[in-house]
$ cat coords.txt   # compact mmCIF, C-alpha atoms
# COMPACT_ATOMS: atom_id res chain seq x y z
CA MET A 158 -18.56 14.22 0.43
CA ILE A 159 -20.87 14.65 3.43
CA ILE A 160 -19.41 11.48 4.86
CA TYR A 161 -15.86 12.86 4.76
CA LEU A 162 -17.18 15.98 6.42
CA LEU A 163 -18.84 14.06 9.28
CA CYS A 164 -15.61 12.14 9.82
CA PHE A 165 -13.75 15.45 10.06
CA ILE A 166 -16.33 16.78 12.53
CA LEU A 167 -15.60 13.77 14.74
CA PHE A 168 -11.93 14.76 14.57
CA LEU A 169 -12.84 18.34 15.53
CA VAL A 170 -14.79 17.10 18.57
CA GLY A 171 -11.64 15.34 19.72
CA LEU A 172 -9.57 18.47 19.10
CA TYR A 173 -12.05 20.53 21.13
CA GLY A 174 -11.74 18.06 24.00
CA VAL A 175 -7.94 18.17 24.00
CA ILE A 176 -7.93 21.97 24.05
CA SER A 177 -10.73 22.79 26.46
CA LYS A 178 -11.06 19.92 28.96
CA ARG A 179 -9.05 19.98 32.17
CA ASN A 180 -9.45 16.39 33.31
CA LEU A 181 -6.58 14.12 32.29
CA ILE A 182 -8.79 11.11 31.57
CA LYS A 183 -11.00 13.23 29.31
CA ILE A 184 -7.95 14.46 27.42
CA ILE A 185 -6.87 10.86 26.86
CA ILE A 186 -10.38 9.98 25.65
CA SER A 187 -10.30 12.89 23.18
CA ILE A 188 -6.94 11.77 21.81
CA ALA A 189 -8.38 8.29 21.27
CA ILE A 190 -11.41 9.78 19.49
CA MET A 191 -9.13 11.69 17.11
CA GLU A 192 -7.26 8.49 16.38
CA TYR A 193 -10.48 6.63 15.59
CA SER A 194 -11.62 9.33 13.18
CA ILE A 195 -8.31 9.14 11.31
CA ASN A 196 -8.65 5.36 11.04
CA LEU A 197 -12.17 5.71 9.69
CA PHE A 198 -11.06 8.31 7.13
CA PHE A 199 -8.44 5.99 5.68
CA ILE A 200 -10.96 3.19 5.24
CA LEU A 201 -13.50 5.59 3.69
CA ILE A 202 -10.94 6.57 1.07
CA GLY A 203 -10.27 2.93 0.23
CA TYR A 204 -13.91 1.98 -0.25
CA VAL A 205 -15.20 1.20 -3.74
CA GLU A 206 -18.90 1.14 -4.56
CA GLY A 207 -20.08 -2.45 -4.94
CA GLY A 208 -16.75 -3.91 -3.91
CA THR A 209 -16.40 -6.96 -1.70
CA ALA A 210 -13.99 -7.65 1.14
CA PRO A 211 -10.48 -8.31 -0.17
CA ILE A 212 -10.45 -12.07 0.34
CA ILE A 213 -10.22 -14.45 -2.58
CA THR A 214 -12.63 -17.37 -2.33
CA LYS A 215 -13.59 -19.99 -4.83
CA GLY A 216 -15.87 -18.62 -7.52
CA PHE A 217 -15.01 -14.99 -6.76
CA GLU A 218 -11.52 -14.80 -8.21
CA ASN A 219 -12.30 -11.81 -10.41
CA ALA A 220 -14.74 -9.96 -8.18
CA LYS A 221 -14.35 -6.25 -7.57
CA PHE A 222 -12.39 -5.76 -4.36
CA VAL A 223 -12.04 -2.75 -2.11
CA ASP A 224 -8.55 -1.30 -1.71
CA PRO A 225 -6.48 -3.55 0.59
CA LEU A 226 -3.64 -1.09 1.20
CA PRO A 227 -5.40 1.34 3.63
CA GLN A 228 -6.83 -1.63 5.51
CA ALA A 229 -3.35 -3.06 5.98
CA MET A 230 -1.99 0.26 7.27
CA ILE A 231 -4.87 0.78 9.71
CA LEU A 232 -4.64 -2.81 10.97
CA THR A 233 -1.27 -2.02 12.54
CA SER A 234 -2.38 1.45 13.61
CA ILE A 235 -5.29 0.15 15.73
CA VAL A 236 -3.05 -2.08 17.85
CA ILE A 237 -0.52 0.72 18.32
CA GLY A 238 -3.40 2.96 19.41
CA LEU A 239 -4.17 0.67 22.35
CA ALA A 240 -0.52 0.64 23.43
CA THR A 241 -0.18 4.43 23.33
CA THR A 242 -3.46 4.87 25.19
CA ALA A 243 -2.16 2.52 27.86
CA LEU A 244 1.07 4.54 28.07
CA LEU A 245 -0.89 7.77 28.58
CA LEU A 246 -3.05 6.07 31.23
CA ALA A 247 0.06 4.91 33.06
CA VAL A 248 1.29 8.51 33.24
CA ALA A 249 -2.15 9.61 34.45
CA ILE A 250 -2.15 6.94 37.19
CA ARG A 251 1.22 8.09 38.49
CA ILE A 252 0.14 11.74 38.45
CA TYR A 253 -2.98 10.85 40.43
CA GLN A 254 -0.91 9.01 43.02
CA LYS A 255 1.41 11.96 43.44
CA TYR A 256 -1.08 14.85 43.50
CA GLY A 257 -4.40 13.14 44.30
CA THR A 258 -6.29 14.71 41.41
CA PHE A 259 -6.77 14.47 37.65
CA ASP A 260 -7.35 18.22 37.25
CA ILE A 261 -4.46 19.80 35.37
CA ASN A 262 -5.07 23.29 36.77
CA LYS A 263 -4.79 22.06 40.34
CA ILE A 264 -1.68 20.08 39.45
CA LYS A 265 -0.15 23.26 38.08
CA ASP A 266 -0.90 25.07 41.36
CA LEU A 267 0.43 22.28 43.54
CA LYS A 268 3.72 22.10 41.72
CA GLY A 269 6.54 24.03 42.96
CA MET B 172 -25.44 1.98 2.48
CA GLU B 173 -24.21 5.57 2.58
CA LEU B 174 -27.27 6.51 4.65
CA TYR B 175 -26.45 3.86 7.27
CA LEU B 176 -22.92 5.17 7.50
CA ILE B 177 -24.16 8.72 8.00
CA ILE B 178 -26.51 7.59 10.79
CA ILE B 179 -23.73 5.69 12.54
CA LEU B 180 -21.33 8.61 12.21
CA ILE B 181 -23.87 11.00 13.72
CA LEU B 182 -24.38 8.56 16.59
CA MET B 183 -20.61 8.43 17.11
CA ILE B 184 -20.38 12.24 17.16
CA LEU B 185 -23.21 12.48 19.70
CA GLY B 186 -21.57 9.81 21.85
CA SER B 187 -18.24 11.58 21.81
CA ILE B 188 -19.82 14.93 22.71
CA TYR B 189 -21.68 13.32 25.62
CA SER B 190 -18.51 11.58 26.69
CA LEU B 191 -16.64 14.88 26.86
CA ASN B 192 -19.40 16.63 28.80
CA ALA B 193 -20.29 13.89 31.29
CA SER B 194 -20.00 14.88 34.93
CA ASP B 195 -18.73 11.47 36.03
CA LEU B 196 -15.58 9.75 34.79
CA LEU B 197 -17.14 6.28 34.64
CA SER B 198 -19.99 7.43 32.39
CA ALA B 199 -17.48 9.31 30.26
CA VAL B 200 -15.46 6.13 29.71
CA ILE B 201 -18.54 4.04 28.97
CA SER B 202 -20.02 6.50 26.49
CA TYR B 203 -16.61 6.59 24.83
CA GLY B 204 -17.39 2.95 24.06
CA ILE B 205 -20.14 4.17 21.70
CA VAL B 206 -17.48 5.63 19.42
CA GLY B 207 -15.47 2.43 19.31
CA PHE B 208 -18.36 0.07 18.75
CA GLY B 209 -19.86 2.38 16.15
CA LEU B 210 -16.53 2.21 14.39
CA VAL B 211 -16.83 -1.61 14.33
CA ILE B 212 -20.16 -1.39 12.49
CA ALA B 213 -18.73 1.19 10.10
CA PHE B 214 -15.82 -1.13 9.30
CA LEU B 215 -18.23 -3.99 8.62
CA LEU B 216 -20.29 -1.80 6.28
CA LEU B 217 -17.12 -0.70 4.49
CA GLN B 218 -16.12 -4.32 3.74
CA ALA B 219 -13.21 -4.53 6.16
CA PRO B 220 -13.84 -7.64 8.28
CA ASP B 221 -10.20 -7.89 9.43
CA LEU B 222 -10.37 -4.46 10.99
CA ALA B 223 -13.76 -5.16 12.54
CA ILE B 224 -12.43 -8.23 14.36
CA VAL B 225 -9.40 -6.37 15.68
CA GLN B 226 -11.38 -3.27 16.65
CA VAL B 227 -14.08 -5.09 18.61
CA VAL B 228 -11.55 -6.88 20.82
CA ILE B 229 -9.31 -3.83 21.19
CA GLU B 230 -12.29 -1.71 22.24
CA VAL B 231 -13.21 -4.13 25.03
CA VAL B 232 -9.61 -4.27 26.26
CA THR B 233 -9.34 -0.47 26.16
CA LEU B 234 -12.49 -0.09 28.25
CA VAL B 235 -11.21 -2.63 30.79
CA ILE B 236 -7.85 -0.86 31.07
CA MET B 237 -9.49 2.58 31.40
CA ILE B 238 -11.82 1.35 34.12
CA ALA B 239 -8.86 -0.26 35.90
CA ALA B 240 -7.13 3.12 35.75
CA ILE B 241 -9.99 5.18 37.19
CA LYS B 242 -11.04 2.61 39.77
CA ASN B 243 -10.83 3.89 43.38
CA THR B 244 -10.29 7.46 42.27
CA GLN B 245 -12.53 10.35 43.10
CA SER B 246 -14.42 10.37 39.85
CA LYS B 247 -16.81 13.30 40.25
CA ILE B 248 -15.72 16.23 38.17
CA PRO B 249 -16.26 19.53 39.96
CA LYS B 250 -18.04 22.27 38.09
CA MET B 251 -15.93 24.94 36.49
CA GLU B 252 -15.45 27.88 38.82
CA PHE B 253 -14.20 30.02 36.00
CA LYS B 254 -17.19 30.93 33.81
CA PRO B 255 -16.19 32.43 30.49
CA LYS B 256 -18.48 34.83 28.68
CA ILE B 257 -20.66 32.21 27.03
CA ALA B 258 -21.53 33.99 23.80
CA ILE B 259 -17.98 34.97 22.91
CA TYR B 260 -16.70 31.54 23.84
CA TYR B 261 -19.13 29.71 21.57
CA ALA B 262 -18.70 32.22 18.77
CA ILE B 263 -14.94 31.76 18.73
CA THR B 264 -15.26 27.96 18.86
CA LEU B 265 -17.74 27.91 16.00
CA MET B 266 -15.66 30.28 13.91
CA VAL B 267 -12.50 28.22 14.31
CA ALA B 268 -14.45 25.04 13.51
CA LEU B 269 -15.92 26.69 10.43
CA ILE B 270 -12.49 27.77 9.20
CA PHE B 271 -11.18 24.23 9.67
CA VAL B 272 -14.16 22.75 7.83
CA LEU B 273 -13.68 25.16 4.90
CA ILE B 274 -9.99 24.28 4.66
CA PHE B 275 -10.88 20.59 4.82
CA ASP B 276 -13.44 21.03 2.06
CA ARG B 277 -10.86 22.70 -0.18
CA VAL B 278 -8.27 20.04 0.54
CA THR B 279 -10.51 17.02 -0.04
CA GLY B 280 -11.93 18.61 -3.18
CA CYS B 281 -9.16 16.94 -5.16
CA LEU B 282 -10.19 13.49 -3.91
CA SER B 283 -12.65 11.54 -5.98
CA GLN B 284 -16.22 11.00 -4.80
CA PHE B 285 -16.94 8.56 -1.98
CA GLY B 286 -17.08 5.04 -3.43
CA ALA B 287 -15.75 6.04 -6.82
CA ASP B 288 -13.19 3.88 -8.54
CA THR B 289 -9.81 4.73 -7.04
CA MET B 290 -8.11 1.52 -7.99
CA ARG B 291 -5.03 2.78 -9.84
CA MET B 292 -2.76 2.34 -6.83
CA ALA B 293 -4.58 -0.73 -5.56
CA GLN B 294 -4.40 -2.85 -8.68
CA PRO B 295 -0.80 -4.10 -8.21
CA TYR B 296 -1.62 -5.20 -4.67
CA ILE B 297 -4.75 -7.06 -5.80
CA ASP B 298 -2.91 -8.77 -8.65
CA GLY B 299 -0.12 -9.54 -6.21
CA ALA B 300 -2.14 -12.40 -4.75
CA ALA B 301 -0.83 -14.45 -7.66
CA ASP B 302 2.69 -13.83 -6.33
CA THR B 303 2.19 -14.22 -2.60
CA LYS B 304 -0.43 -17.00 -2.81
CA SER B 305 -2.23 -15.55 0.18
CA ALA B 306 -6.01 -15.66 -0.23
CA ASN B 307 -6.48 -12.83 2.27
CA LEU B 308 -5.13 -9.81 0.41
CA VAL B 309 -4.72 -7.72 3.56
CA THR B 310 -2.44 -10.33 5.11
CA GLY B 311 -0.53 -10.45 1.86
CA VAL B 312 0.05 -6.70 2.02
CA VAL B 313 0.88 -6.63 5.73
CA LEU B 314 3.30 -9.53 5.79
CA ASP B 315 4.79 -9.62 2.32
CA PHE B 316 4.69 -6.36 0.36
CA ARG B 317 5.00 -4.16 3.41
CA ALA B 318 6.60 -6.43 5.98
CA TYR B 319 9.10 -3.70 6.79
CA ASP B 320 6.21 -1.54 8.06
CA THR B 321 5.10 -4.42 10.27
CA LEU B 322 8.59 -4.69 11.72
CA GLY B 323 8.43 -0.98 12.59
CA GLU B 324 5.01 -1.48 14.12
CA ALA B 325 6.29 -4.33 16.28
CA THR B 326 9.13 -2.09 17.44
CA VAL B 327 6.71 0.70 18.39
CA LEU B 328 4.53 -1.75 20.30
CA PHE B 329 7.58 -3.06 22.17
CA THR B 330 8.65 0.50 23.00
CA ALA B 331 5.20 1.36 24.34
CA VAL B 332 5.15 -1.73 26.57
CA ILE B 333 8.62 -0.94 27.91
CA GLY B 334 7.41 2.62 28.57
CA VAL B 335 4.40 1.40 30.55
CA LEU B 336 6.60 -0.90 32.62
CA THR B 337 9.16 1.87 33.25
CA ILE B 338 6.54 4.33 34.43
CA LEU B 339 4.53 1.92 36.56
CA ARG B 340 7.38 -0.04 38.16
CA ILE B 341 8.96 2.17 40.80
CA LYS B 342 11.01 -0.31 42.76
CA GLY B 343 12.77 -2.02 39.91
CA LYS B 344 13.95 -5.57 39.95
CA LYS B 345 16.07 -6.38 42.96
CA ASP B 346 19.23 -8.30 42.30
CA LYS B 347 18.96 -11.49 44.21
CA MET C 172 -8.42 -6.95 43.61
CA LYS C 173 -10.26 -9.97 45.00
CA GLY C 174 -11.35 -12.93 42.95
CA MET C 175 -14.93 -13.61 42.01
CA THR C 176 -17.20 -16.36 43.30
CA PHE C 177 -16.78 -20.08 42.73
CA ILE C 178 -19.21 -20.14 39.78
CA VAL C 179 -17.34 -17.47 37.87
CA LYS C 180 -14.01 -19.21 38.46
CA LYS C 181 -15.35 -22.54 37.25
CA ILE C 182 -16.93 -21.03 34.11
CA THR C 183 -13.67 -19.22 33.38
CA GLN C 184 -11.79 -22.48 33.68
CA ILE C 185 -14.06 -24.05 31.10
CA ILE C 186 -14.24 -21.11 28.70
CA CYS C 187 -10.63 -19.92 28.67
CA PRO C 188 -9.16 -22.84 26.68
CA ILE C 189 -11.90 -22.39 24.09
CA ILE C 190 -11.11 -18.69 23.65
CA PHE C 191 -7.43 -19.55 23.42
CA MET C 192 -8.08 -22.18 20.75
CA PHE C 193 -10.21 -19.67 18.83
CA GLY C 194 -7.31 -17.20 18.87
CA LEU C 195 -4.94 -19.87 17.60
CA TYR C 196 -7.40 -20.79 14.86
CA ILE C 197 -7.65 -17.16 13.73
CA ILE C 198 -3.86 -16.84 13.66
CA VAL C 199 -3.25 -20.05 11.74
CA HIS C 200 -5.97 -19.31 9.18
CA GLY C 201 -4.88 -15.70 8.84
CA HIS C 202 -3.91 -16.03 5.19
CA LEU C 203 -7.18 -17.68 4.16
CA SER C 204 -9.95 -15.89 6.08
CA PRO C 205 -10.39 -12.58 7.93
CA GLY C 206 -8.06 -12.34 10.87
CA GLY C 207 -4.37 -12.89 11.16
CA GLY C 208 -1.69 -12.28 13.72
CA PHE C 209 -3.07 -9.04 15.11
CA ALA C 210 -6.64 -10.19 15.66
CA GLY C 211 -5.69 -13.61 17.01
CA GLY C 212 -3.06 -12.16 19.32
CA VAL C 213 -5.52 -9.73 20.86
CA ILE C 214 -8.08 -12.52 21.35
CA MET C 215 -5.47 -14.68 23.13
CA ALA C 216 -4.58 -11.73 25.34
CA GLY C 217 -8.29 -11.47 26.10
CA ALA C 218 -8.19 -15.02 27.48
CA PHE C 219 -5.31 -14.00 29.80
CA ILE C 220 -7.21 -10.91 30.97
CA LEU C 221 -10.31 -12.99 31.71
CA GLN C 222 -8.23 -15.32 33.88
CA ILE C 223 -6.78 -12.43 35.86
CA LEU C 224 -10.14 -10.72 36.34
CA ALA C 225 -11.81 -13.90 37.55
CA ASN C 226 -9.08 -15.26 39.80
CA GLY C 227 -8.02 -11.98 41.38
CA LYS C 228 -4.61 -10.67 42.19
CA ILE C 229 -2.15 -13.38 43.19
CA LEU C 230 0.99 -11.26 43.18
CA PRO C 231 3.91 -13.75 43.04
CA LYS C 232 2.24 -15.73 40.29
CA LEU C 233 1.47 -12.63 38.26
CA ARG C 234 5.03 -11.34 38.55
CA LYS C 235 6.37 -14.63 37.29
CA GLU C 236 3.87 -14.60 34.43
CA GLU C 237 4.90 -11.07 33.52
CA GLU C 238 8.56 -12.06 33.26
CA GLY C 239 7.62 -14.93 30.97
CA LEU C 240 5.51 -12.67 28.80
CA GLU C 241 8.30 -10.11 28.49
CA PHE C 242 10.64 -12.86 27.36
CA MET C 243 8.04 -14.07 24.86
CA GLU C 244 7.64 -10.60 23.38
CA SER C 245 11.34 -10.01 22.92
CA ALA C 246 11.78 -13.47 21.44
CA ALA C 247 8.95 -12.85 18.98
CA ILE C 248 10.50 -9.62 17.70
CA LEU C 249 13.86 -11.33 17.40
CA GLY C 250 12.21 -14.16 15.47
CA PHE C 251 10.62 -11.67 13.07
CA LEU C 252 13.99 -10.03 12.50
CA ILE C 253 15.66 -13.40 11.97
CA LEU C 254 13.05 -14.30 9.34
CA ALA C 255 13.78 -11.03 7.56
CA GLY C 256 17.52 -11.66 7.72
CA LEU C 257 17.12 -15.19 6.39
CA GLY C 258 15.22 -13.78 3.43
CA LEU C 259 18.06 -11.33 2.86
CA LEU C 260 20.66 -14.10 2.99
CA ILE C 261 18.84 -16.59 0.79
CA SER C 262 17.83 -14.06 -1.87
CA GLY C 263 21.48 -13.10 -2.18
CA GLY C 264 21.45 -9.74 -0.43
CA VAL C 265 18.75 -8.16 -2.57
CA VAL C 266 15.39 -8.19 -0.78
CA PHE C 267 15.06 -7.72 2.98
CA PHE C 268 11.86 -9.69 3.51
CA ALA C 269 12.24 -12.15 0.64
CA ASN C 270 9.67 -14.93 0.73
CA PHE C 271 12.07 -17.86 0.46
CA LEU C 272 9.82 -20.84 1.17
CA ASP C 273 7.79 -22.79 -1.36
CA LYS C 274 4.58 -20.87 -2.11
CA GLY C 275 2.19 -23.76 -2.67
CA GLU C 276 -1.33 -23.42 -4.02
CA LEU C 277 -3.71 -20.52 -3.41
CA GLY C 278 -6.40 -21.32 -0.85
CA LYS C 279 -4.69 -24.25 0.87
CA LEU C 280 -3.73 -24.17 4.55
CA ILE C 281 -0.03 -24.64 3.83
CA SER C 282 0.58 -21.95 1.26
CA GLY C 283 1.96 -18.48 0.95
CA GLY C 284 5.57 -19.26 1.77
CA PHE C 285 6.53 -17.93 5.19
CA ILE C 286 3.38 -15.84 5.69
CA PRO C 287 1.86 -18.34 8.21
CA ILE C 288 5.11 -18.37 10.20
CA GLU C 289 5.16 -14.58 10.27
CA ASN C 290 1.54 -14.62 11.38
CA ILE C 291 2.38 -16.87 14.32
CA VAL C 292 5.30 -14.66 15.36
CA ILE C 293 3.23 -11.47 15.15
CA GLY C 294 0.43 -13.15 17.10
CA ALA C 295 2.80 -14.10 19.92
CA GLU C 296 4.19 -10.56 19.99
CA VAL C 297 0.81 -8.80 20.16
CA CYS C 298 -0.56 -11.26 22.73
CA ALA C 299 2.46 -10.82 25.00
CA ALA C 300 2.41 -7.03 24.65
CA ILE C 301 -1.24 -6.54 25.58
CA ALA C 302 -1.18 -9.08 28.39
CA THR C 303 1.96 -7.39 29.79
CA ILE C 304 0.26 -3.99 29.72
CA PHE C 305 -2.74 -5.32 31.62
CA ILE C 306 -0.67 -7.20 34.19
CA ALA C 307 1.46 -4.11 34.77
CA MET C 308 -1.69 -2.04 35.31
CA VAL C 309 -2.96 -4.57 37.87
CA VAL C 310 0.25 -5.38 39.71
CA TYR C 311 2.13 -2.10 39.89
CA LYS C 312 -0.78 0.32 40.22
CA ASP C 313 -0.85 0.31 44.01
CA GLU C 314 2.89 0.18 44.49
CA GLU C 315 3.88 3.22 46.51
CA LYS C 316 7.21 4.94 46.76
CA LYS C 317 9.03 4.14 49.97

$ encode --input "coords.txt" --output "structure tokens"
Amino acid sequence: MIIYLLCFILFLVGLYGVISKRNLIKIIISIAIMEYSINLFFILIGYVEGGTAPIITKGFENAKFVDPLPQAMILTSIVIGLATTALLLAVAIRIYQKYGTFDINKIKDLKG
Amino acid sequence: MELYLIIILILMILGSIYSLNASDLLSAVISYGIVGFGLVIAFLLLQAPDLAIVQVVIEVVTLVIMIAAIKNTQSKIPKMEFKPKIAIYYAITLMVALIFVLIFDRVTGCLSQFGADTMRMAQPYIDGAADTKSANLVTGVVLDFRAYDTLGEATVLFTAVIGVLTILRIKGKKDK
Amino acid sequence: MKGMTFIVKKITQIICPIIFMFGLYIIVHGHLSPGGGFAGGVIMAGAFILQILANGKILPKLRKEEEGLEFMESAAILGFLILAGLGLLISGGVVFFANFLDKGELGKLISGGFIPIENIVIGAEVCAAIATIFIAMVVYKDEEKK
């Protein structure tokens, strides 16, 4: 159980960053950290004590395997994570070019 | 095994906290790499080699893209001018975190112990290798049982790429 | 972005085909060993990124490459959809992603019906997507509004 708890604390660190940091790049980093902790939590749920990787090789046809379903879901999720991070970074780049800063408070003052 | 995982997770938490408090954007990005590469080792320990391969390459590409984004920007972060009352600030943060942790503990109480046998849902997918004839069970799940999910994933990836191009390309393609 | 020195360019020239072949290997053996379309596609995109980092920003060439990659990505998604539709047709309108090819024997290179073909399509899609993102970051970052 302590391992689930540590995983959740990693998520909370990301949440803290999203709420309290004012630099756009740091907010993006915190979002990515939250995403990683969710990925890790899925794999932790799928783990079985003494299981091997879910690949059938000769001589191990009836071995005990870990759960392949969470691994399959997270496999797609990791690649999507890179694409969404790149999308957020593109927005951040454009904002920097327009206002000359990554600080969201200053951007709020400069607007309007 | 569980001890190694706990050590790596603590390292990841420390790395993420340092990354959020760094005074320089470049060091923030690089210490964010600790979290990703720690995740690779955790995947290897948890018997997920597919994910480890993908994660290690994705992490490198993410770092390269982030550094390309913050290159040539003024990367020093000025100190906060607004100083909150420190004690109250930390007390509120800790209290909210504690409430979240308690809720999480209640919610995950219904899950079985870490590493216990949770194979009721997994058994059809593992036996399914006889149907799909794919020795790698993860590939069998991704591309046969749940190929519809993969189609959705491909669509999301396409949408994200189109979004990046739309935001970054101001001029648009000129008609010749 | 300027290119690197002569040594780096030469080493890149030698190493890039090897990385590319490794990505292809991982994609083709995706149903036998760890890996598959996602991992192999990202590795192939890594070969592209190495080329760009070493050789610097040659704008006209990169723009042309980006158009080709966009075409490749769209074609890959279309191919995936066509595979799904073929399964629907051949199975008689019952299953969307029906595995209609001969399954073969477990553990052989040619086995698993159309799983290897799907792997190749997904690999092309992921490779094109990530390379496009990187090229867009490099090419269009400094473009200013007129």

$ atom_distance --input "coords.txt" --atom1 "CA of Gly286 in chain B" --atom2 "CA of Gly209 in chain B"
20.0 Å

$ residues_near_point --input "coords.txt" --point "(-15.0, 8.8, -4.1)" --cutoff "10 Å" --atoms "all atoms listed in the file" --output "ChimeraX atom specification"
/A:158,161,201-206 /B:282-289

$ closest_residue --input "coords.txt" --among "B:Leu210, B:Ala306, B:Ile274, B:Leu217" --to "Gly283 in chain C" --atoms "all atoms listed in the file"
B:Ala306

$ closest_atom_pairs --input "coords.txt" --of "chain C" --to "chain A" --cutoff "12 Å" --atoms "only C-alpha atoms" --output "Markdown table"
| residue | atom | partner | partner_atom | distance |
| --- | --- | --- | --- | --- |
| C:Gly201 | CA | A:Ile212 | CA | 10.8 |
| C:His202 | CA | A:Ile212 | CA | 9.1 |
| C:Leu203 | CA | A:Ile212 | CA | 7.5 |
| C:Ser204 | CA | A:Ile212 | CA | 6.9 |
| C:Pro205 | CA | A:Ile212 | CA | 7.6 |
| C:Gly206 | CA | A:Leu232 | CA | 10.1 |
| C:Gly207 | CA | A:Leu232 | CA | 10.1 |
| C:Gly208 | CA | A:Leu232 | CA | 10.3 |
| C:Phe209 | CA | A:Val236 | CA | 7.5 |
| C:Ala210 | CA | A:Leu232 | CA | 9.0 |
| C:Gly211 | CA | A:Val236 | CA | 11.9 |
| C:Gly212 | CA | A:Val236 | CA | 10.2 |
| C:Val213 | CA | A:Val236 | CA | 8.6 |
| C:Leu277 | CA | A:Ile213 | CA | 8.9 |
| C:Gly278 | CA | A:Thr214 | CA | 7.5 |
| C:Lys279 | CA | A:Thr214 | CA | 11.0 |
| C:Ile293 | CA | A:Thr233 | CA | 10.8 |
| C:Gly294 | CA | A:Val236 | CA | 11.6 |
| C:Glu296 | CA | A:Val236 | CA | 11.4 |
| C:Val297 | CA | A:Val236 | CA | 8.1 |
| C:Cys298 | CA | A:Val236 | CA | 10.7 |
| C:Ala299 | CA | A:Ala240 | CA | 11.9 |
| C:Ala300 | CA | A:Ala240 | CA | 8.3 |
| C:Ile301 | CA | A:Ala240 | CA | 7.5 |
| C:Ala302 | CA | A:Ala240 | CA | 10.9 |
| C:Thr303 | CA | A:Ala240 | CA | 10.5 |
| C:Ile304 | CA | A:Ala243 | CA | 7.2 |
| C:Phe305 | CA | A:Ala243 | CA | 8.7 |
| C:Ile306 | CA | A:Ala243 | CA | 11.7 |
| C:Ala307 | CA | A:Ala247 | CA | 9.3 |
| C:Met308 | CA | A:Ala247 | CA | 7.5 |
| C:Val309 | CA | A:Ala247 | CA | 11.1 |
| C:Tyr311 | CA | A:Ala247 | CA | 10.0 |
| C:Lys312 | CA | A:Ile250 | CA | 7.4 |
| C:Asp313 | CA | A:Gln254 | CA | 8.8 |
| C:Glu314 | CA | A:Gln254 | CA | 9.7 |
| C:Glu315 | CA | A:Gln254 | CA | 8.3 |
| C:Lys316 | CA | A:Lys255 | CA | 9.7 |

$ atom_distance --input "coords.txt" --atom1 "CA of Leu167 in chain A" --atom2 "CA of Met191 in chain A"
7.2 Å

$ closest_atom_pairs --input "coords.txt" --of "chain B" --to "chain A" --cutoff "6 Å" --atoms "all atoms listed in the file" --output "tab-separated table"
residue	atom	partner	partner_atom	distance
B:Ile184	CA	A:Leu167	CA	5.6
B:Gln218	CA	A:Ala210	CA	4.7
B:Ala219	CA	A:Ala210	CA	6.0
B:Leu222	CA	A:Leu232	CA	6.0
B:Gly286	CA	A:Val205	CA	4.3
B:Ala287	CA	A:Val205	CA	5.8
B:Asp288	CA	A:Val205	CA	5.9
B:Ala293	CA	A:Asp224	CA	5.6
B:Ala306	CA	A:Ile213	CA	5.0
B:Asn307	CA	A:Ile212	CA	4.5
B:Leu308	CA	A:Pro211	CA	5.6
B:Val309	CA	A:Pro225	CA	5.4
B:Val313	CA	A:Ala229	CA	5.5
B:Leu328	CA	A:Ile237	CA	6.0
B:Ala331	CA	A:Ala240	CA	5.8
B:Val335	CA	A:Leu244	CA	5.2

$ residues_around --input "coords.txt" --residues "Phe267 in chain C" --least-positions-apart "6" --cutoff "8 Å" --atoms "only C-alpha atoms" --output "list in words"
Ala255, Gly256, Gly258 and Leu259 of chain C

$ interface_residues --input "coords.txt" --of "chain B" --to "chain C" --cutoff "7 Å" --atoms "only C-alpha atoms" --output "PyMOL selection string"
chain B and resi 220-221+224-225+228+236+303-307+310+314+318+325+329+332+335-336+339-341

$ atom_distance --input "coords.txt" --atom1 "CA of Ala239 in chain B" --atom2 "CA of Met175 in chain C"
15.9 Å

$ closest_residue --input "coords.txt" --among "B:Leu185, B:Ile238, B:Leu322, B:Leu176" --to "Ser198 in chain B" --atoms "only C-alpha atoms"
B:Ile238

$ residues_around --input "coords.txt" --residues "range 199-202 of chain B" --least-positions-apart "3" --cutoff "9 Å" --atoms "all atoms listed in the file" --output "PyMOL selection string"
(chain A and resi 182-183+186) or (chain B and resi 186-187+189-196+205-206+234+237-238)

$ residues_around --input "coords.txt" --residues "Ile179 in chain B" --least-positions-apart "2" --cutoff "8 Å" --atoms "all atoms listed in the file" --output "PDB file with C-alpha atoms, keeping the file's coordinate frame"
ATOM      1  CA  TYR B 175     -26.450   3.860   7.270  1.00  0.00           C
ATOM      2  CA  LEU B 176     -22.920   5.170   7.500  1.00  0.00           C
ATOM      3  CA  ILE B 177     -24.160   8.720   8.000  1.00  0.00           C
ATOM      4  CA  ILE B 181     -23.870  11.000  13.720  1.00  0.00           C
ATOM      5  CA  LEU B 182     -24.380   8.560  16.590  1.00  0.00           C
ATOM      6  CA  MET B 183     -20.610   8.430  17.110  1.00  0.00           C
ATOM      7  CA  GLY B 209     -19.860   2.380  16.150  1.00  0.00           C
ATOM      8  CA  ILE B 212     -20.160  -1.390  12.490  1.00  0.00           C
ATOM      9  CA  ALA B 213     -18.730   1.190  10.100  1.00  0.00           C
TER      10      ALA B 213
END
